[in-house]
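Q: PDB, C-alpha atoms, file data-v2.pdb:
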ATOM      1  CA  MET B   1      10.609  12.506  -2.229  1.00  0.00           C
ATOM      2  CA  LYS B   2      10.495  11.672  -5.859  1.00  0.00           C
ATOM      3  CA  LYS B   3      13.042   9.352  -7.369  1.00  0.00           C
ATOM      4  CA  ILE B   4      14.821  12.123  -9.278  1.00  0.00           C
ATOM      5  CA  THR B   5      15.613  14.000  -6.062  1.00  0.00           C
ATOM      6  CA  ALA B   6      17.078  10.795  -4.697  1.00  0.00           C
ATOM      7  CA  LEU B   7      19.086  10.478  -7.917  1.00  0.00           C
ATOM      8  CA  PHE B   8      20.449  14.028  -7.532  1.00  0.00           C
ATOM      9  CA  ILE B   9      21.343  13.462  -3.885  1.00  0.00           C
ATOM     10  CA  THR B  10      22.902  10.126  -4.807  1.00  0.00           C
ATOM     11  CA  ILE B  11      25.673  11.998  -6.586  1.00  0.00           C
ATOM     12  CA  PHE B  12      26.830  13.448  -3.284  1.00  0.00           C
ATOM     13  CA  THR B  13      26.014  10.715  -0.737  1.00  0.00           C
ATOM     14  CA  PHE B  14      26.573   7.281  -2.263  1.00  0.00           C
ATOM     15  CA  SER B  15      29.815   5.414  -1.904  1.00  0.00           C
ATOM     16  CA  LEU B  16      31.126   5.065  -5.447  1.00  0.00           C
ATOM     17  CA  THR B  17      33.816   2.705  -6.637  1.00  0.00           C
ATOM     18  CA  VAL B  18      35.730   3.911  -9.691  1.00  0.00           C
ATOM     19  CA  PHE B  19      35.861   1.419 -12.538  1.00  0.00           C
ATOM     20  CA  SER B  20      37.198   1.364 -16.048  1.00  0.00           C
ATOM     21  CA  GLY B  21      34.980   0.520 -18.985  1.00  0.00           C
ATOM     22  CA  ASN B  22      34.131  -3.060 -19.849  1.00  0.00           C
ATOM     23  CA  GLU B  23      33.681  -3.654 -23.549  1.00  0.00           C
ATOM     24  CA  ASP B  24      31.376  -6.650 -22.935  1.00  0.00           C
ATOM     25  CA  ASN B  25      28.723  -4.387 -21.414  1.00  0.00           C
ATOM     26  CA  LYS B  26      26.666  -1.867 -23.371  1.00  0.00           C
ATOM     27  CA  TYR B  27      27.306   0.847 -20.812  1.00  0.00           C
ATOM     28  CA  SER B  28      31.013   1.496 -20.400  1.00  0.00           C
ATOM     29  CA  ASN B  29      33.328   4.492 -20.337  1.00  0.00           C
ATOM     30  CA  GLU B  30      34.108   3.819 -24.004  1.00  0.00           C
ATOM     31  CA  TYR B  31      30.400   3.747 -24.921  1.00  0.00           C
ATOM     32  CA  PHE B  32      29.817   7.152 -23.341  1.00  0.00           C
ATOM     33  CA  GLU B  33      33.012   8.557 -24.883  1.00  0.00           C
ATOM     34  CA  LYS B  34      31.575   7.508 -28.250  1.00  0.00           C
ATOM     35  CA  ILE B  35      28.077   9.004 -27.813  1.00  0.00           C
ATOM     36  CA  SER B  36      28.856  12.094 -25.683  1.00  0.00           C
ATOM     37  CA  GLY B  37      29.130  14.397 -28.691  1.00  0.00           C
ATOM     38  CA  ASN B  38      25.649  13.333 -29.824  1.00  0.00           C
ATOM     39  CA  PHE B  39      24.229  14.774 -26.596  1.00  0.00           C
ATOM     40  CA  LEU B  40      26.537  17.674 -25.809  1.00  0.00           C
ATOM     41  CA  GLU B  41      27.240  19.439 -29.103  1.00  0.00           C
ATOM     42  CA  GLY B  42      24.443  21.898 -29.814  1.00  0.00           C
ATOM     43  CA  LYS B  43      21.547  19.737 -28.650  1.00  0.00           C
ATOM     44  CA  LEU B  44      20.692  21.579 -25.435  1.00  0.00           C
ATOM     45  CA  GLU B  45      20.749  25.248 -24.485  1.00  0.00           C
ATOM     46  CA  PHE B  46      22.295  24.621 -21.064  1.00  0.00           C
ATOM     47  CA  GLU B  47      25.571  23.200 -19.778  1.00  0.00           C
ATOM     48  CA  ASN B  48      26.230  20.021 -17.831  1.00  0.00           C
ATOM     49  CA  PRO B  49      22.968  18.115 -18.201  1.00  0.00           C
ATOM     50  CA  VAL B  50      22.161  14.949 -16.314  1.00  0.00           C
ATOM     51  CA  MET B  51      21.328  12.205 -18.816  1.00  0.00           C
ATOM     52  CA  VAL B  52      19.138   9.321 -17.656  1.00  0.00           C
ATOM     53  CA  ASP B  53      16.425   7.232 -19.310  1.00  0.00           C
ATOM     54  CA  ILE B  54      13.468   8.779 -17.449  1.00  0.00           C
ATOM     55  CA  ASP B  55      10.704   7.291 -19.600  1.00  0.00           C
ATOM     56  CA  LYS B  56      12.350   3.833 -19.929  1.00  0.00           C
ATOM     57  CA  ASP B  57      12.254   3.863 -23.741  1.00  0.00           C
ATOM     58  CA  GLY B  58      15.921   2.952 -24.218  1.00  0.00           C
ATOM     59  CA  ASP B  59      17.374   6.395 -24.928  1.00  0.00           C
ATOM     60  CA  PHE B  60      18.803   9.028 -22.622  1.00  0.00           C
ATOM     61  CA  ASP B  61      16.646  12.000 -21.676  1.00  0.00           C
ATOM     62  CA  ALA B  62      18.065  15.232 -20.208  1.00  0.00           C
ATOM     63  CA  LEU B  63      17.494  16.874 -16.844  1.00  0.00           C
ATOM     64  CA  LYS B  64      18.400  20.440 -15.986  1.00  0.00           C
ATOM     65  CA  PHE B  65      18.887  21.322 -12.302  1.00  0.00           C
ATOM     66  CA  ASP B  66      18.475  25.060 -11.731  1.00  0.00           C
ATOM     67  CA  ASN B  67      17.469  27.184  -8.722  1.00  0.00           C
ATOM     68  CA  GLY B  68      15.638  24.383  -6.934  1.00  0.00           C
ATOM     69  CA  ASN B  69      13.776  23.232 -10.038  1.00  0.00           C
ATOM     70  CA  VAL B  70      14.292  20.239 -12.316  1.00  0.00           C
ATOM     71  CA  GLU B  71      13.336  20.505 -15.989  1.00  0.00           C
ATOM     72  CA  TYR B  72      12.788  17.310 -18.001  1.00  0.00           C
ATOM     73  CA  TYR B  73      13.762  17.237 -21.694  1.00  0.00           C
ATOM     74  CA  LYS B  74      12.432  14.130 -23.460  1.00  0.00           C
ATOM     75  CA  ASN B  75      14.635  12.584 -26.129  1.00  0.00           C
ATOM     76  CA  THR B  76      12.305  11.973 -29.079  1.00  0.00           C
ATOM     77  CA  GLY B  77      15.182  10.717 -31.219  1.00  0.00           C
ATOM     78  CA  SER B  78      17.729   8.034 -30.371  1.00  0.00           C
ATOM     79  CA  ASN B  79      21.091   7.816 -28.621  1.00  0.00           C
ATOM     80  CA  ASP B  80      22.801   8.215 -31.998  1.00  0.00           C
ATOM     81  CA  LEU B  81      20.627  11.167 -33.084  1.00  0.00           C
ATOM     82  CA  PRO B  82      19.013  12.695 -29.979  1.00  0.00           C
ATOM     83  CA  VAL B  83      16.305  15.338 -30.315  1.00  0.00           C
ATOM     84  CA  PHE B  84      15.233  17.038 -27.100  1.00  0.00           C
ATOM     85  CA  ILE B  85      11.845  18.597 -26.394  1.00  0.00           C
ATOM     86  CA  LEU B  86      10.993  20.270 -23.098  1.00  0.00           C
ATOM     87  CA  GLU B  87       8.487  17.845 -21.638  1.00  0.00           C
ATOM     88  CA  ASN B  88       8.001  19.342 -18.185  1.00  0.00           C
ATOM     89  CA  LYS B  89       9.467  22.636 -16.983  1.00  0.00           C
ATOM     90  CA  ASN B  90       8.442  21.832 -13.403  1.00  0.00           C
ATOM     91  CA  TYR B  91       9.271  18.114 -13.375  1.00  0.00           C
ATOM     92  CA  GLU B  92      10.347  18.280  -9.746  1.00  0.00           C
ATOM     93  CA  LYS B  93      11.497  20.637  -7.034  1.00  0.00           C
ATOM     94  CA  TYR B  94      14.504  20.106  -4.818  1.00  0.00           C
ATOM     95  CA  SER B  95      15.560  21.954  -1.728  1.00  0.00           C
ATOM     96  CA  GLN B  96      18.969  23.516  -1.403  1.00  0.00           C
ATOM     97  CA  ALA B  97      20.920  22.978   1.797  1.00  0.00           C
ATOM     98  CA  LEU B  98      23.765  25.241   0.697  1.00  0.00           C
ATOM     99  CA  PHE B  99      23.980  29.013   0.606  1.00  0.00           C
ATOM    100  CA  VAL B 100      25.192  28.913  -2.992  1.00  0.00           C
ATOM    101  CA  GLU B 101      23.520  27.333  -5.987  1.00  0.00           C
ATOM    102  CA  PRO B 102      25.047  23.884  -6.591  1.00  0.00           C
ATOM    103  CA  LYS B 103      25.957  23.371 -10.230  1.00  0.00           C
ATOM    104  CA  MET B 104      26.771  20.131 -11.944  1.00  0.00           C
ATOM    105  CA  PRO B 105      30.544  20.136 -12.454  1.00  0.00           C
ATOM    106  CA  TYR B 106      30.344  17.907 -15.548  1.00  0.00           C
ATOM    107  CA  PRO B 107      27.740  16.451 -17.865  1.00  0.00           C
ATOM    108  CA  LEU B 108      26.593  13.202 -16.229  1.00  0.00           C
ATOM    109  CA  PHE B 109      25.084   9.974 -17.538  1.00  0.00           C
ATOM    110  CA  PHE B 110      23.321   7.486 -15.263  1.00  0.00           C
ATOM    111  CA  ALA B 111      23.001   3.884 -16.495  1.00  0.00           C
ATOM    112  CA  ASP B 112      23.158   0.406 -15.004  1.00  0.00           C
ATOM    113  CA  LYS B 113      26.658  -0.675 -16.054  1.00  0.00           C
ATOM    114  CA  ASP B 114      26.830  -3.938 -14.152  1.00  0.00           C
ATOM    115  CA  GLY B 115      23.217  -5.143 -14.385  1.00  0.00           C
ATOM    116  CA  ASP B 116      22.608  -5.036 -10.619  1.00  0.00           C
ATOM    117  CA  GLY B 117      19.485  -2.887 -10.926  1.00  0.00           C
ATOM    118  CA  ASP B 118      20.901   0.404  -9.650  1.00  0.00           C
ATOM    119  CA  LEU B 119      22.187   3.345 -11.638  1.00  0.00           C
ATOM    120  CA  ASP B 120      25.918   3.884 -11.982  1.00  0.00           C
ATOM    121  CA  LEU B 121      27.534   7.249 -12.718  1.00  0.00           C
ATOM    122  CA  PHE B 122      29.489   8.328 -15.806  1.00  0.00           C
ATOM    123  CA  ALA B 123      31.014  11.834 -15.830  1.00  0.00           C
ATOM    124  CA  VAL B 124      32.150  13.492 -19.060  1.00  0.00           C
ATOM    125  CA  LYS B 125      35.219  15.192 -17.630  1.00  0.00           C
ATOM    126  CA  ASP B 126      37.209  16.469 -20.595  1.00  0.00           C
ATOM    127  CA  LYS B 127      36.775  17.197 -24.246  1.00  0.00           C
ATOM    128  CA  GLN B 128      39.460  17.946 -26.784  1.00  0.00           C
ATOM    129  CA  PHE B 129      39.304  18.676 -30.465  1.00  0.00           C
ATOM    130  CA  SER B 130      41.090  16.080 -32.596  1.00  0.00           C
ATOM    131  CA  ASN B 131      42.697  17.668 -35.638  1.00  0.00           C
ATOM    132  CA  VAL B 132      43.111  14.218 -37.177  1.00  0.00           C
ATOM    133  CA  LYS B 133      39.421  13.236 -36.853  1.00  0.00           C
ATOM    134  CA  GLN B 134      38.140  16.833 -37.087  1.00  0.00           C
ATOM    135  CA  GLN B 135      35.784  16.265 -34.157  1.00  0.00           C
ATOM    136  CA  TYR B 136      35.688  16.477 -30.376  1.00  0.00           C
ATOM    137  CA  GLU B 137      36.851  13.509 -28.326  1.00  0.00           C
ATOM    138  CA  TYR B 138      35.615  12.985 -24.767  1.00  0.00           C
ATOM    139  CA  ASN B 139      37.167  11.528 -21.621  1.00  0.00           C
ATOM    140  CA  VAL B 140      34.584   9.729 -19.483  1.00  0.00           C
ATOM    141  CA  SER B 141      35.111   8.375 -15.972  1.00  0.00           C
ATOM    142  CA  GLY B 142      32.728   5.889 -14.444  1.00  0.00           C
ATOM    143  CA  ALA B 143      31.822   5.083 -10.869  1.00  0.00           C
ATOM    144  CA  GLU B 144      29.774   2.127  -9.721  1.00  0.00           C
ATOM    145  CA  ASN B 145      27.047   2.537  -7.136  1.00  0.00           C
ATOM    146  CA  THR B 146      28.114  -0.039  -4.536  1.00  0.00           C
ATOM    147  CA  LEU B 147      25.463   0.634  -1.903  1.00  0.00           C
ATOM    148  CA  GLY B 148      21.992  -0.845  -2.079  1.00  0.00           C
ATOM    149  CA  LEU B 149      20.192   1.832  -0.103  1.00  0.00           C
ATOM    150  CA  ASP B 150      16.462   1.945   0.319  1.00  0.00           C
ATOM    151  CA  THR B 151      14.641   5.259   0.636  1.00  0.00           C
ATOM    152  CA  GLY B 152      14.519   5.162   4.456  1.00  0.00           C
ATOM    153  CA  THR B 153      18.268   4.628   4.752  1.00  0.00           C
ATOM    154  CA  LEU B 154      18.966   7.362   2.219  1.00  0.00           C
ATOM    155  CA  ILE B 155      16.745   9.854   4.081  1.00  0.00           C
ATOM    156  CA  THR B 156      18.505   8.974   7.355  1.00  0.00           C
ATOM    157  CA  ILE B 157      21.927   9.578   5.810  1.00  0.00           C
ATOM    158  CA  ILE B 158      20.789  12.914   4.386  1.00  0.00           C
ATOM    159  CA  LEU B 159      19.315  14.029   7.722  1.00  0.00           C
ATOM    160  CA  VAL B 160      22.524  13.118   9.561  1.00  0.00           C
ATOM    161  CA  LEU B 161      24.579  15.064   7.000  1.00  0.00           C
ATOM    162  CA  VAL B 162      22.300  18.102   7.349  1.00  0.00           C
ATOM    163  CA  ILE B 163      22.578  17.991  11.155  1.00  0.00           C
ATOM    164  CA  VAL B 164      26.368  17.768  10.957  1.00  0.00           C
ATOM    165  CA  LEU B 165      26.489  20.723   8.540  1.00  0.00           C
ATOM    166  CA  LEU B 166      24.217  22.782  10.793  1.00  0.00           C
ATOM    167  CA  LEU B 167      26.371  22.008  13.843  1.00  0.00           C
ATOM    168  CA  LEU B 168      29.504  23.008  11.957  1.00  0.00           C
ATOM    169  CA  ALA B 169      27.873  26.264  10.864  1.00  0.00           C
ATOM    170  CA  ILE B 170      26.735  27.067  14.408  1.00  0.00           C
ATOM    171  CA  LEU B 171      30.118  26.269  15.960  1.00  0.00           C
ATOM    172  CA  ARG B 172      32.021  28.511  13.551  1.00  0.00           C
TER     173      ARG B 172
END
Using the file provided, produce a representation of the structure as structure tokens.
A:
Amino acid sequence: MKKITALFITIFTFSLTVFSGNEDNKYSNEYFEKISGNFLEGKLEFENPVMVDIDKDGDFDALKFDNGNVEYYKNTGSNDLPVFILENKNYEKYSQALFVEPKMPYPLFFADKDGDGDLDLFAVKDKQFSNVKQQYEYNVSGAENTLGLDTGTLITIILVLVIVLLLLAILR
């Protein structure tokens, strides 16, 4: 499995501990509240992207998960002024274990908030228009990845979950 499939599955299988933003760290809830509009207002033609620095150049790129396919949109701008170009329409495939198409419920950012080497999750949950500032304001919640799983452990967890789901479906 490629690392992006593991990233997608991570959303649903990792144990996450909710945290509030820390102003001492570059990646905090407040940081993503500040830059969310740069990424979400008219920059992409699809809803609820997954933002992660795929090419390790310091800015967030966009991923679109749709019908078992992942599309990669490279950010050729910056985090303050992102410009997205479709880099790879078939960046990766993923298999669906559900009968319905899973959709991202919110736009998501993945970044290492605490410097431990794994990606933490930031979800852009709400947006409201501020009449005072004449712009949208965003509410971001963060969750820290507290498990240090290797690929073998992650695959085992996924297989166990699939077996449990199949047994539940059969017993219904």
Q: Restricting the calculation to all atoms listed in the file, which member of B:Asn48, B:Ser78, B:Ser28, B:Thr146 is positioned closest to B:Val124?
A: B:Asn48
Q: Just the number, please: distance in Å from atom CA of B:Leu166 to atom CA of B:Glu71, one decimal.
A: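 We find that atom CA of B:Leu166 and atom CA of B:Glu71 lie 29.0 Å from each other.
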Q: Point out the residue among B:Asn75, B:Ser141, B:Asn69, B:Asn88 with the least atom-to-atom distance to B:Phe122, counting all atoms listed in the file.
A: B:Ser141
Q: Can you give me, as a PyMOL selection string, the residues this file yields under the PyMOL selection byres ((chain B and resi 30-35) around 7)?
A: chain B and resi 21+26-29+36-38+80+138-140
Q: Quick check, in Å to one decimal: how far apart do atom CA of B:Asn90 and atom CA of B:Asn145 lie?
A: 27.5 Å
Q: Emit stretch 122-135 of chain B of the structure in the block as a file comprising all heavy atoms, as a PDB file, in the first residue's frame.
A:
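Written file, out-v9.pdb:
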ATOM      1  N   PHE B 122      -6.141  18.120  11.426  1.00  0.00           N
ATOM      2  CA  PHE B 122      -6.857  19.364  11.672  1.00  0.00           C
ATOM      3  C   PHE B 122      -8.076  19.375  10.753  1.00  0.00           C
ATOM      4  O   PHE B 122      -7.944  19.266   9.536  1.00  0.00           O
ATOM      5  CB  PHE B 122      -5.974  20.576  11.361  1.00  0.00           C
ATOM      6  CG  PHE B 122      -4.754  20.659  12.231  1.00  0.00           C
ATOM      7  CD1 PHE B 122      -3.590  19.986  11.889  1.00  0.00           C
ATOM      8  CD2 PHE B 122      -4.772  21.401  13.393  1.00  0.00           C
ATOM      9  CE1 PHE B 122      -2.466  20.063  12.690  1.00  0.00           C
ATOM     10  CE2 PHE B 122      -3.651  21.478  14.205  1.00  0.00           C
ATOM     11  CZ  PHE B 122      -2.496  20.808  13.851  1.00  0.00           C
ATOM     12  N   ALA B 123      -9.266  19.497  11.325  1.00  0.00           N
ATOM     13  CA  ALA B 123     -10.508  19.500  10.542  1.00  0.00           C
ATOM     14  C   ALA B 123     -11.113  20.894  10.575  1.00  0.00           C
ATOM     15  O   ALA B 123     -11.298  21.484  11.636  1.00  0.00           O
ATOM     16  CB  ALA B 123     -11.495  18.495  11.115  1.00  0.00           C
ATOM     17  N   VAL B 124     -11.442  21.415   9.396  1.00  0.00           N
ATOM     18  CA  VAL B 124     -12.084  22.721   9.273  1.00  0.00           C
ATOM     19  C   VAL B 124     -13.584  22.470   9.367  1.00  0.00           C
ATOM     20  O   VAL B 124     -14.226  22.112   8.392  1.00  0.00           O
ATOM     21  CB  VAL B 124     -11.718  23.406   7.941  1.00  0.00           C
ATOM     22  CG1 VAL B 124     -12.331  24.787   7.861  1.00  0.00           C
ATOM     23  CG2 VAL B 124     -10.203  23.476   7.777  1.00  0.00           C
ATOM     24  N   LYS B 125     -14.125  22.630  10.576  1.00  0.00           N
ATOM     25  CA  LYS B 125     -15.493  22.193  10.838  1.00  0.00           C
ATOM     26  C   LYS B 125     -16.558  23.225  10.466  1.00  0.00           C
ATOM     27  O   LYS B 125     -17.616  22.859  10.000  1.00  0.00           O
ATOM     28  CB  LYS B 125     -15.644  21.807  12.302  1.00  0.00           C
ATOM     29  CG  LYS B 125     -14.838  20.576  12.657  1.00  0.00           C
ATOM     30  CD  LYS B 125     -14.943  20.106  14.071  1.00  0.00           C
ATOM     31  CE  LYS B 125     -15.978  20.724  14.907  1.00  0.00           C
ATOM     32  NZ  LYS B 125     -16.079  20.219  16.251  1.00  0.00           N
ATOM     33  N   ASP B 126     -16.318  24.466  10.733  1.00  0.00           N
ATOM     34  CA  ASP B 126     -17.344  25.486  10.498  1.00  0.00           C
ATOM     35  C   ASP B 126     -16.741  26.707   9.844  1.00  0.00           C
ATOM     36  O   ASP B 126     -15.575  27.028  10.055  1.00  0.00           O
ATOM     37  CB  ASP B 126     -17.976  25.932  11.830  1.00  0.00           C
ATOM     38  CG  ASP B 126     -18.626  24.789  12.577  1.00  0.00           C
ATOM     39  OD1 ASP B 126     -19.427  24.077  11.964  1.00  0.00           O
ATOM     40  OD2 ASP B 126     -18.314  24.618  13.774  1.00  0.00           O
ATOM     41  N   LYS B 127     -17.573  27.393   9.076  1.00  0.00           N
ATOM     42  CA  LYS B 127     -17.168  28.693   8.566  1.00  0.00           C
ATOM     43  C   LYS B 127     -18.361  29.621   8.672  1.00  0.00           C
ATOM     44  O   LYS B 127     -19.504  29.217   8.451  1.00  0.00           O
ATOM     45  CB  LYS B 127     -16.617  28.594   7.153  1.00  0.00           C
ATOM     46  CG  LYS B 127     -17.599  28.741   6.033  1.00  0.00           C
ATOM     47  CD  LYS B 127     -16.896  28.765   4.686  1.00  0.00           C
ATOM     48  CE  LYS B 127     -17.900  28.974   3.584  1.00  0.00           C
ATOM     49  NZ  LYS B 127     -17.297  29.009   2.272  1.00  0.00           N
ATOM     50  N   GLN B 128     -18.067  30.851   9.061  1.00  0.00           N
ATOM     51  CA  GLN B 128     -19.101  31.869   9.187  1.00  0.00           C
ATOM     52  C   GLN B 128     -18.581  33.159   8.597  1.00  0.00           C
ATOM     53  O   GLN B 128     -17.393  33.465   8.691  1.00  0.00           O
ATOM     54  CB  GLN B 128     -19.477  32.100  10.651  1.00  0.00           C
ATOM     55  CG  GLN B 128     -20.111  30.922  11.312  1.00  0.00           C
ATOM     56  CD  GLN B 128     -20.416  31.192  12.783  1.00  0.00           C
ATOM     57  OE1 GLN B 128     -19.806  32.044  13.409  1.00  0.00           O
ATOM     58  NE2 GLN B 128     -21.379  30.470  13.316  1.00  0.00           N
ATOM     59  N   PHE B 129     -19.489  33.919   8.013  1.00  0.00           N
ATOM     60  CA  PHE B 129     -19.098  35.194   7.441  1.00  0.00           C
ATOM     61  C   PHE B 129     -19.134  36.262   8.526  1.00  0.00           C
ATOM     62  O   PHE B 129     -20.129  36.411   9.231  1.00  0.00           O
ATOM     63  CB  PHE B 129     -20.018  35.588   6.285  1.00  0.00           C
ATOM     64  CG  PHE B 129     -19.527  36.789   5.542  1.00  0.00           C
ATOM     65  CD1 PHE B 129     -18.484  36.676   4.640  1.00  0.00           C
ATOM     66  CD2 PHE B 129     -20.084  38.046   5.764  1.00  0.00           C
ATOM     67  CE1 PHE B 129     -18.014  37.782   3.957  1.00  0.00           C
ATOM     68  CE2 PHE B 129     -19.619  39.157   5.083  1.00  0.00           C
ATOM     69  CZ  PHE B 129     -18.579  39.022   4.177  1.00  0.00           C
ATOM     70  N   SER B 130     -18.035  36.980   8.685  1.00  0.00           N
ATOM     71  CA  SER B 130     -17.944  38.062   9.657  1.00  0.00           C
ATOM     72  C   SER B 130     -18.292  39.375   8.965  1.00  0.00           C
ATOM     73  O   SER B 130     -17.578  39.815   8.059  1.00  0.00           O
ATOM     74  CB  SER B 130     -16.531  38.140  10.240  1.00  0.00           C
ATOM     75  OG  SER B 130     -16.380  39.331  10.982  1.00  0.00           O
ATOM     76  N   ASN B 131     -19.398  39.978   9.393  1.00  0.00           N
ATOM     77  CA  ASN B 131     -19.784  41.268   8.826  1.00  0.00           C
ATOM     78  C   ASN B 131     -18.796  42.363   9.194  1.00  0.00           C
ATOM     79  O   ASN B 131     -18.593  43.309   8.431  1.00  0.00           O
ATOM     80  CB  ASN B 131     -21.190  41.655   9.291  1.00  0.00           C
ATOM     81  CG  ASN B 131     -22.242  40.789   8.635  1.00  0.00           C
ATOM     82  OD1 ASN B 131     -22.090  40.368   7.488  1.00  0.00           O
ATOM     83  ND2 ASN B 131     -23.306  40.500   9.365  1.00  0.00           N
ATOM     84  N   VAL B 132     -18.162  42.229  10.347  1.00  0.00           N
ATOM     85  CA  VAL B 132     -17.190  43.227  10.795  1.00  0.00           C
ATOM     86  C   VAL B 132     -15.942  43.191   9.912  1.00  0.00           C
ATOM     87  O   VAL B 132     -15.484  44.222   9.424  1.00  0.00           O
ATOM     88  CB  VAL B 132     -16.815  42.985  12.277  1.00  0.00           C
ATOM     89  CG1 VAL B 132     -15.719  43.934  12.723  1.00  0.00           C
ATOM     90  CG2 VAL B 132     -18.036  43.109  13.169  1.00  0.00           C
ATOM     91  N   LYS B 133     -15.390  41.983   9.696  1.00  0.00           N
ATOM     92  CA  LYS B 133     -14.168  41.827   8.900  1.00  0.00           C
ATOM     93  C   LYS B 133     -14.439  41.676   7.408  1.00  0.00           C
ATOM     94  O   LYS B 133     -13.520  41.713   6.603  1.00  0.00           O
ATOM     95  CB  LYS B 133     -13.373  40.621   9.389  1.00  0.00           C
ATOM     96  CG  LYS B 133     -12.853  40.772  10.802  1.00  0.00           C
ATOM     97  CD  LYS B 133     -12.067  39.547  11.207  1.00  0.00           C
ATOM     98  CE  LYS B 133     -11.555  39.657  12.618  1.00  0.00           C
ATOM     99  NZ  LYS B 133     -10.821  38.467  13.036  1.00  0.00           N
ATOM    100  N   GLN B 134     -15.705  41.447   7.047  1.00  0.00           N
ATOM    101  CA  GLN B 134     -16.109  41.234   5.656  1.00  0.00           C
ATOM    102  C   GLN B 134     -15.334  40.071   5.014  1.00  0.00           C
ATOM    103  O   GLN B 134     -14.869  40.150   3.876  1.00  0.00           O
ATOM    104  CB  GLN B 134     -15.930  42.510   4.828  1.00  0.00           C
ATOM    105  CG  GLN B 134     -16.914  43.605   5.188  1.00  0.00           C
ATOM    106  CD  GLN B 134     -18.359  43.195   4.903  1.00  0.00           C
ATOM    107  OE1 GLN B 134     -18.698  42.827   3.799  1.00  0.00           O
ATOM    108  NE2 GLN B 134     -19.192  43.239   5.932  1.00  0.00           N
ATOM    109  N   GLN B 135     -15.217  38.982   5.778  1.00  0.00           N
ATOM    110  CA  GLN B 135     -14.570  37.776   5.279  1.00  0.00           C
ATOM    111  C   GLN B 135     -15.061  36.581   6.089  1.00  0.00           C
ATOM    112  O   GLN B 135     -15.673  36.744   7.140  1.00  0.00           O
ATOM    113  CB  GLN B 135     -13.050  37.876   5.385  1.00  0.00           C
ATOM    114  CG  GLN B 135     -12.542  37.919   6.813  1.00  0.00           C
ATOM    115  CD  GLN B 135     -11.029  38.100   6.880  1.00  0.00           C
ATOM    116  OE1 GLN B 135     -10.423  38.608   5.954  1.00  0.00           O
ATOM    117  NE2 GLN B 135     -10.426  37.692   7.969  1.00  0.00           N
TER     118      GLN B 135
END
